[in-house]
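Source file model21.cif; content: mmCIF, C-alpha atoms.
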data_final
#
loop_
_atom_site.group_PDB
_atom_site.id
_atom_site.type_symbol
_atom_site.label_atom_id
_atom_site.label_comp_id
_atom_site.auth_asym_id
_atom_site.auth_seq_id
_atom_site.Cartn_x
_atom_site.Cartn_y
_atom_site.Cartn_z
ATOM 1 C CA MET A 1 19.919 -19.043 20.771
ATOM 2 C CA LYS A 2 17.125 -18.482 23.294
ATOM 3 C CA LYS A 3 15.968 -15.385 21.409
ATOM 4 C CA GLN A 4 15.409 -17.335 18.200
ATOM 5 C CA SER A 5 13.564 -20.172 19.965
ATOM 6 C CA VAL A 6 10.592 -17.873 20.644
ATOM 7 C CA PHE A 7 10.155 -17.121 16.947
ATOM 8 C CA PHE A 8 10.469 -20.736 15.835
ATOM 9 C CA GLY A 9 8.263 -21.940 18.683
ATOM 10 C CA ILE A 10 5.483 -19.551 17.710
ATOM 11 C CA MET A 11 5.917 -20.479 14.051
ATOM 12 C CA LEU A 12 5.681 -24.208 14.781
ATOM 13 C CA VAL A 13 2.618 -23.832 17.021
ATOM 14 C CA GLY A 14 0.882 -21.512 14.569
ATOM 15 C CA LEU A 15 1.691 -23.617 11.537
ATOM 16 C CA SER A 16 0.561 -26.820 13.251
ATOM 17 C CA LEU A 17 -2.741 -25.190 14.293
ATOM 18 C CA PHE A 18 -3.149 -23.870 10.749
ATOM 19 C CA LEU A 19 -2.606 -27.330 9.259
ATOM 20 C CA LEU A 20 -4.775 -29.116 11.859
ATOM 21 C CA MET A 21 -7.683 -26.771 11.293
ATOM 22 C CA SER A 22 -7.435 -27.243 7.546
ATOM 23 C CA ARG A 23 -7.188 -31.024 7.974
ATOM 24 C CA PHE A 24 -10.348 -31.217 10.109
ATOM 25 C CA GLN A 25 -12.120 -28.649 7.922
ATOM 26 C CA PHE A 26 -13.450 -26.234 10.497
ATOM 27 C CA PRO A 27 -15.983 -23.922 8.794
ATOM 28 C CA LEU A 28 -14.092 -20.748 9.663
ATOM 29 C CA MET A 29 -10.796 -22.244 8.547
ATOM 30 C CA LEU A 30 -12.115 -22.984 5.069
ATOM 31 C CA LYS A 31 -12.285 -19.218 4.463
ATOM 32 C CA LEU A 32 -8.955 -18.555 6.153
ATOM 33 C CA HIS A 33 -6.939 -21.377 4.574
ATOM 34 C CA SER A 34 -4.911 -19.178 2.221
ATOM 35 C CA TRP A 35 -1.600 -17.406 1.901
ATOM 36 C CA PRO A 36 -2.686 -14.251 3.810
ATOM 37 C CA SER A 37 -3.033 -16.452 6.900
ATOM 38 C CA LEU A 38 0.634 -17.342 6.571
ATOM 39 C CA LEU A 39 1.490 -13.631 6.362
ATOM 40 C CA VAL A 40 -0.467 -13.032 9.572
ATOM 41 C CA LEU A 41 1.234 -15.996 11.255
ATOM 42 C CA VAL A 42 4.780 -14.964 10.335
ATOM 43 C CA GLY A 43 4.069 -11.309 11.138
ATOM 44 C CA ALA A 44 2.621 -12.151 14.555
ATOM 45 C CA ALA A 45 5.589 -14.400 15.318
ATOM 46 C CA MET A 46 8.025 -11.625 14.417
ATOM 47 C CA ILE A 47 6.150 -9.105 16.581
ATOM 48 C CA VAL A 48 6.098 -11.430 19.596
ATOM 49 C CA GLN A 49 9.784 -12.178 19.022
ATOM 50 C CA ALA A 50 10.567 -8.452 18.945
ATOM 51 C CA TYR A 51 8.797 -7.787 22.229
ATOM 52 C CA LYS A 52 10.115 -10.883 24.013
ATOM 53 C CA ALA A 53 13.737 -10.278 23.036
ATOM 54 C CA HIS A 54 13.513 -6.459 23.244
ATOM 55 C CA ASP A 55 14.951 -6.448 19.727
ATOM 56 C CA PHE A 56 12.674 -4.021 17.931
ATOM 57 C CA GLN A 57 14.367 -4.354 14.538
ATOM 58 C CA GLN A 58 11.965 -7.227 13.806
ATOM 59 C CA LEU A 59 8.943 -5.112 14.684
ATOM 60 C CA LEU A 60 8.635 -3.277 11.349
ATOM 61 C CA PRO A 61 8.763 -6.343 9.063
ATOM 62 C CA GLY A 62 6.424 -8.160 11.431
ATOM 63 C CA MET A 63 3.944 -5.284 11.369
ATOM 64 C CA ILE A 64 4.109 -5.083 7.573
ATOM 65 C CA LEU A 65 3.418 -8.796 7.188
ATOM 66 C CA LEU A 66 0.639 -8.732 9.778
ATOM 67 C CA THR A 67 -1.180 -5.712 8.356
ATOM 68 C CA LEU A 68 -0.875 -6.931 4.762
ATOM 69 C CA GLY A 69 -2.209 -10.342 5.776
ATOM 70 C CA ILE A 70 -5.141 -8.709 7.560
ATOM 71 C CA HIS A 71 -5.801 -6.497 4.534
ATOM 72 C CA PHE A 72 -5.825 -9.395 2.071
ATOM 73 C CA HIS A 73 -8.126 -11.388 4.346
ATOM 74 C CA ALA A 74 -10.454 -8.412 4.698
ATOM 75 C CA VAL A 75 -10.607 -7.999 0.919
ATOM 76 C CA SER A 76 -11.773 -11.588 0.524
ATOM 77 C CA LEU A 77 -14.144 -11.634 3.526
ATOM 78 C CA PHE A 78 -15.830 -8.212 3.494
ATOM 79 C CA PHE A 79 -17.528 -6.777 0.437
ATOM 80 C CA PHE A 80 -17.115 -3.196 1.660
ATOM 81 C CA TRP A 81 -13.337 -3.377 2.197
ATOM 82 C CA PRO A 82 -11.495 -1.178 -0.339
ATOM 83 C CA LYS A 83 -9.593 -3.095 -2.989
ATOM 84 C CA HIS A 84 -7.555 -0.063 -4.008
ATOM 85 C CA ILE A 85 -3.750 -0.353 -4.276
ATOM 86 C CA GLY A 86 -3.545 2.634 -1.949
ATOM 87 C CA MET A 87 -4.702 0.331 0.848
ATOM 88 C CA VAL A 88 -1.452 -1.644 0.568
ATOM 89 C CA LEU A 89 0.492 1.589 1.047
ATOM 90 C CA LEU A 90 -1.809 2.485 3.929
ATOM 91 C CA MET A 91 -1.041 -0.833 5.657
ATOM 92 C CA ILE A 92 2.705 -0.274 5.205
ATOM 93 C CA ALA A 93 2.357 3.305 6.468
ATOM 94 C CA LEU A 94 0.494 2.131 9.561
ATOM 95 C CA SER A 95 3.239 -0.425 10.150
ATOM 96 C CA PHE A 96 5.890 2.288 10.006
ATOM 97 C CA LEU A 97 3.892 4.511 12.345
ATOM 98 C CA PHE A 98 3.197 1.779 14.916
ATOM 99 C CA SER A 99 6.738 0.417 14.900
ATOM 100 C CA SER A 100 8.275 3.890 15.149
ATOM 101 C CA ARG A 101 6.971 4.171 18.698
ATOM 102 C CA LYS A 102 9.308 1.397 19.878
ATOM 103 C CA SER A 103 12.126 1.437 17.346
ATOM 104 C CA HIS A 104 12.428 5.258 17.166
ATOM 105 C CA PHE A 105 12.764 5.333 13.402
ATOM 106 C CA GLY A 106 10.338 5.349 10.503
ATOM 107 C CA LEU A 107 8.002 8.108 11.654
ATOM 108 C CA LEU A 108 8.797 10.371 8.705
ATOM 109 C CA GLN A 109 8.542 7.468 6.242
ATOM 110 C CA GLY A 110 5.211 6.480 7.780
ATOM 111 C CA ILE A 111 3.808 9.988 7.440
ATOM 112 C CA PHE A 112 5.023 10.192 3.840
ATOM 113 C CA LEU A 113 3.501 6.813 2.922
ATOM 114 C CA LEU A 114 0.280 7.698 4.726
ATOM 115 C CA SER A 115 0.012 10.920 2.729
ATOM 116 C CA LEU A 116 0.791 9.110 -0.509
ATOM 117 C CA SER A 117 -1.800 6.414 0.177
ATOM 118 C CA MET A 118 -4.464 9.023 0.951
ATOM 119 C CA ILE A 119 -3.652 10.851 -2.278
ATOM 120 C CA MET A 120 -3.877 7.593 -4.227
ATOM 121 C CA MET A 121 -7.148 6.491 -2.661
ATOM 122 C CA PHE A 122 -8.875 9.847 -2.918
ATOM 123 C CA SER A 123 -7.444 10.972 -6.239
ATOM 124 C CA ASP A 124 -10.909 11.188 -7.803
ATOM 125 C CA HIS A 125 -11.985 13.705 -5.180
ATOM 126 C CA LEU A 126 -8.690 15.571 -5.561
ATOM 127 C CA LYS A 127 -9.322 16.014 -9.283
ATOM 128 C CA MET A 128 -12.565 17.777 -8.478
ATOM 129 C CA TRP A 129 -10.859 20.014 -5.907
ATOM 130 C CA THR A 130 -7.954 20.830 -8.208
ATOM 131 C CA ALA A 131 -10.375 21.865 -10.958
ATOM 132 C CA LEU A 132 -11.975 24.291 -8.524
ATOM 133 C CA LEU A 133 -8.568 25.561 -7.391
ATOM 134 C CA GLU A 134 -7.438 25.904 -10.984
ATOM 135 C CA GLN A 135 -10.264 28.326 -11.720
ATOM 136 C CA HIS A 136 -9.279 30.501 -8.766
ATOM 137 C CA PHE A 137 -5.580 30.193 -9.525
ATOM 138 C CA ASN A 138 -6.135 31.341 -13.114
ATOM 139 C CA TYR A 139 -7.864 34.438 -11.788
ATOM 140 C CA VAL A 140 -4.975 35.181 -9.408
ATOM 141 C CA TRP A 141 -2.404 34.381 -12.113
ATOM 142 C CA LYS A 142 -3.662 37.287 -14.218
ATOM 143 C CA PHE A 143 -2.736 39.719 -11.467
ATOM 144 C CA TRP A 144 0.626 38.363 -10.287
ATOM 145 C CA PRO A 145 2.526 41.378 -11.692
ATOM 146 C CA LEU A 146 0.394 43.525 -9.400
ATOM 147 C CA LEU A 147 1.573 41.398 -6.460
ATOM 148 C CA LEU A 148 5.206 41.964 -7.525
ATOM 149 C CA LEU A 149 4.524 45.708 -7.750
ATOM 150 C CA ILE A 150 3.112 45.761 -4.212
ATOM 151 C CA ILE A 151 6.068 43.818 -2.839
ATOM 152 C CA GLY A 152 8.510 46.086 -4.636
ATOM 153 C CA LEU A 153 6.839 49.250 -3.338
ATOM 154 C CA TYR A 154 6.821 47.836 0.185
ATOM 155 C CA LEU A 155 10.540 47.064 -0.017
ATOM 156 C CA LEU A 156 11.314 50.543 -1.408
ATOM 157 C CA PHE A 157 9.254 52.704 0.915
ATOM 158 C CA PHE A 158 8.416 50.807 4.090
ATOM 159 C CA LYS A 159 11.299 48.403 4.655
ATOM 160 C CA ARG A 160 14.127 50.887 5.239
ATOM 161 C CA LYS A 161 16.900 50.374 7.711
#

For this file, write the structure as structure tokens.
Amino acid sequence: MKKQSVFFGIMLVGLSLFLLMSRFQFPLMLKLHSWPSLLVLVGAAMIVQAYKAHDFQQLLPGMILLTLGIHFHAVSLFFFWPKHIGMVLLMIALSFLFSSRKSHFGLLQGIFLLSLSMIMMFSDHLKMWTALLEQHFNYVWKFWPLLLLIIGLYLLFFKRK
């Protein structure tokens, strides 16, 4: 029961501060009074709960909620923040990578999602690179039988036991 009281205590304090700031209309709170703030609040509460109780199963969902909340706030506050869907995958990948240090799982998933998000975000640049590679690959493709001939000759004459 004591382990759960940390989570609910943080949630109640955070929610009451959130509601008080919106009630008294602080200038900063007018920009932050939205659903991403609730994601940040719940995510932070889950992370603190995970560290206080040494129960790191709550770390990954807390990190996902926190990073997504930060991302959605950054999209609305900063004009230069990328609005690409790959950023959502990047936030989830970072959550997997950060939580894998304590929970000892999710490293491979984090690397996979990080790679996928980079491919999604930089797909325009990849199209340019693949066009360049395609030209070189077409040149090599014409001579692949020659490569098979060289391998075959090597196996026949030089690779004897």

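You can rank A:Pro36, A:Gly106, A:Gly86, A:Pro145 by their closest distance to Met118 of chain A using only C-alpha atoms, and at the top of that list sits A:Gly86.
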
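For the pair atom CA of Met46 of chain A and atom CA of Phe7 of chain A, the interatomic distance is 6.4 Å.
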
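Proximity ranking of A:Val42, A:Gln58, A:Ile119, A:Phe26 relative to His84 of chain A places A:Ile119 first, based on all atoms listed in the file.
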
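With atom CA of Leu15 of chain A on one side and atom CA of Lys102 of chain A on the other, the separation reads 27.4 Å.
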
> Could you name the residues that touch segment 70-81 of chain A at 9 Å or less, counting all atoms listed in the file, but leaving out those on the same chain fewer than 3 positions away, as a ChimeraX atom specification?
Replying inline: /A:31-32,34,36-37,39-40,65-67,87-88,91

>> Could you list, as a PyMOL selection string, every residue within 10 Å of Phe98 of chain A, counting all atoms listed in the file and ignoring same-chain residues fewer than 2 positions away?
In response: chain A and resi 59-60+63+92-96+100-103+106-107+110

>> At a cut-off of 9 Å around the point (-4.8, -27.7, 2.4) (file coordinates), what residues fall inside when counting only C-alpha atoms? I'd like the answer as a VMD selection string.
In response: chain A and resid 19 22 to 23 33 to 34

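The spacing separating atom CA of Leu153 of chain A from atom CA of Leu133 of chain A amounts to 28.5 Å.
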
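Minimum distance to Leu114 of chain A across A:Gly152, A:Glu134, A:Leu97, A:Met11 (counting only C-alpha atoms) occurs at A:Leu97.
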
Incomplete segment 31-42 of chain A brought to all heavy atoms, written out as a short mmCIF file (atom, residue, chain, number, x, y, z; two decimals), keeping the file's coordinate frame:
data_model
loop_
_atom_site.label_atom_id
_atom_site.label_comp_id
_atom_site.auth_asym_id
_atom_site.auth_seq_id
_atom_site.Cartn_x
_atom_site.Cartn_y
_atom_site.Cartn_z
N LYS A 31 -12.44 -20.56 5.03
CA LYS A 31 -12.28 -19.22 4.46
C LYS A 31 -10.89 -18.65 4.71
O LYS A 31 -10.42 -17.81 3.97
CB LYS A 31 -13.32 -18.27 5.06
CG LYS A 31 -14.73 -18.58 4.63
CD LYS A 31 -15.69 -17.56 5.18
CE LYS A 31 -17.08 -17.86 4.69
NZ LYS A 31 -18.06 -16.90 5.20
N LEU A 32 -10.25 -19.12 5.78
CA LEU A 32 -8.96 -18.56 6.15
C LEU A 32 -7.77 -19.40 5.70
O LEU A 32 -6.63 -19.07 5.99
CB LEU A 32 -8.89 -18.36 7.67
CG LEU A 32 -9.89 -17.39 8.27
CD1 LEU A 32 -9.73 -17.33 9.77
CD2 LEU A 32 -9.76 -16.02 7.66
N HIS A 33 -8.03 -20.51 5.02
CA HIS A 33 -6.94 -21.38 4.57
C HIS A 33 -6.38 -20.83 3.26
O HIS A 33 -6.70 -21.28 2.17
CB HIS A 33 -7.45 -22.80 4.38
CG HIS A 33 -6.33 -23.77 4.19
ND1 HIS A 33 -5.94 -24.20 2.95
CD2 HIS A 33 -5.51 -24.37 5.07
CE1 HIS A 33 -4.93 -25.02 3.07
NE2 HIS A 33 -4.65 -25.15 4.35
N SER A 34 -5.51 -19.82 3.39
CA SER A 34 -4.91 -19.18 2.22
C SER A 34 -3.60 -18.53 2.63
O SER A 34 -3.23 -18.51 3.80
CB SER A 34 -5.87 -18.14 1.63
OG SER A 34 -6.16 -17.15 2.58
N TRP A 35 -2.92 -17.99 1.64
CA TRP A 35 -1.60 -17.41 1.90
C TRP A 35 -1.64 -16.18 2.81
O TRP A 35 -0.67 -15.94 3.52
CB TRP A 35 -0.88 -17.12 0.58
CG TRP A 35 -1.58 -16.12 -0.29
CD1 TRP A 35 -2.53 -16.38 -1.23
CD2 TRP A 35 -1.38 -14.72 -0.29
NE1 TRP A 35 -2.95 -15.21 -1.81
CE2 TRP A 35 -2.25 -14.17 -1.26
CE3 TRP A 35 -0.56 -13.85 0.41
CZ2 TRP A 35 -2.32 -12.82 -1.53
CZ3 TRP A 35 -0.63 -12.50 0.14
CH2 TRP A 35 -1.50 -12.00 -0.82
N PRO A 36 -2.70 -15.35 2.85
CA PRO A 36 -2.69 -14.25 3.81
C PRO A 36 -2.61 -14.72 5.27
O PRO A 36 -2.07 -14.02 6.12
CB PRO A 36 -4.00 -13.51 3.54
CG PRO A 36 -4.31 -13.79 2.13
CD PRO A 36 -3.85 -15.20 1.92
N SER A 37 -3.14 -15.91 5.54
CA SER A 37 -3.03 -16.45 6.90
C SER A 37 -1.58 -16.70 7.27
O SER A 37 -1.18 -16.51 8.42
CB SER A 37 -3.82 -17.76 7.02
OG SER A 37 -5.18 -17.53 6.82
N LEU A 38 -0.79 -17.13 6.30
CA LEU A 38 0.63 -17.34 6.57
C LEU A 38 1.34 -16.00 6.81
O LEU A 38 2.25 -15.93 7.64
CB LEU A 38 1.28 -18.11 5.42
CG LEU A 38 0.76 -19.54 5.23
CD1 LEU A 38 1.40 -20.17 4.01
CD2 LEU A 38 1.03 -20.37 6.46
N LEU A 39 0.92 -14.96 6.10
CA LEU A 39 1.49 -13.63 6.36
C LEU A 39 1.18 -13.19 7.78
O LEU A 39 2.05 -12.66 8.49
CB LEU A 39 0.93 -12.60 5.38
CG LEU A 39 1.38 -12.67 3.93
CD1 LEU A 39 0.68 -11.59 3.11
CD2 LEU A 39 2.88 -12.50 3.82
N VAL A 40 -0.07 -13.40 8.22
CA VAL A 40 -0.47 -13.03 9.57
C VAL A 40 0.33 -13.84 10.59
O VAL A 40 0.82 -13.29 11.59
CB VAL A 40 -1.98 -13.24 9.77
CG1 VAL A 40 -2.38 -13.09 11.23
CG2 VAL A 40 -2.77 -12.25 8.92
N LEU A 41 0.51 -15.12 10.33
CA LEU A 41 1.23 -16.00 11.26
C LEU A 41 2.70 -15.57 11.39
O LEU A 41 3.21 -15.40 12.51
CB LEU A 41 1.16 -17.45 10.78
CG LEU A 41 1.94 -18.46 11.57
CD1 LEU A 41 1.35 -18.61 12.96
CD2 LEU A 41 1.95 -19.79 10.86
N VAL A 42 3.37 -15.37 10.29
CA VAL A 42 4.78 -14.96 10.34
C VAL A 42 4.92 -13.57 10.94
O VAL A 42 5.82 -13.31 11.76
CB VAL A 42 5.42 -15.02 8.93
CG1 VAL A 42 6.81 -14.45 8.93
CG2 VAL A 42 5.44 -16.45 8.42
#
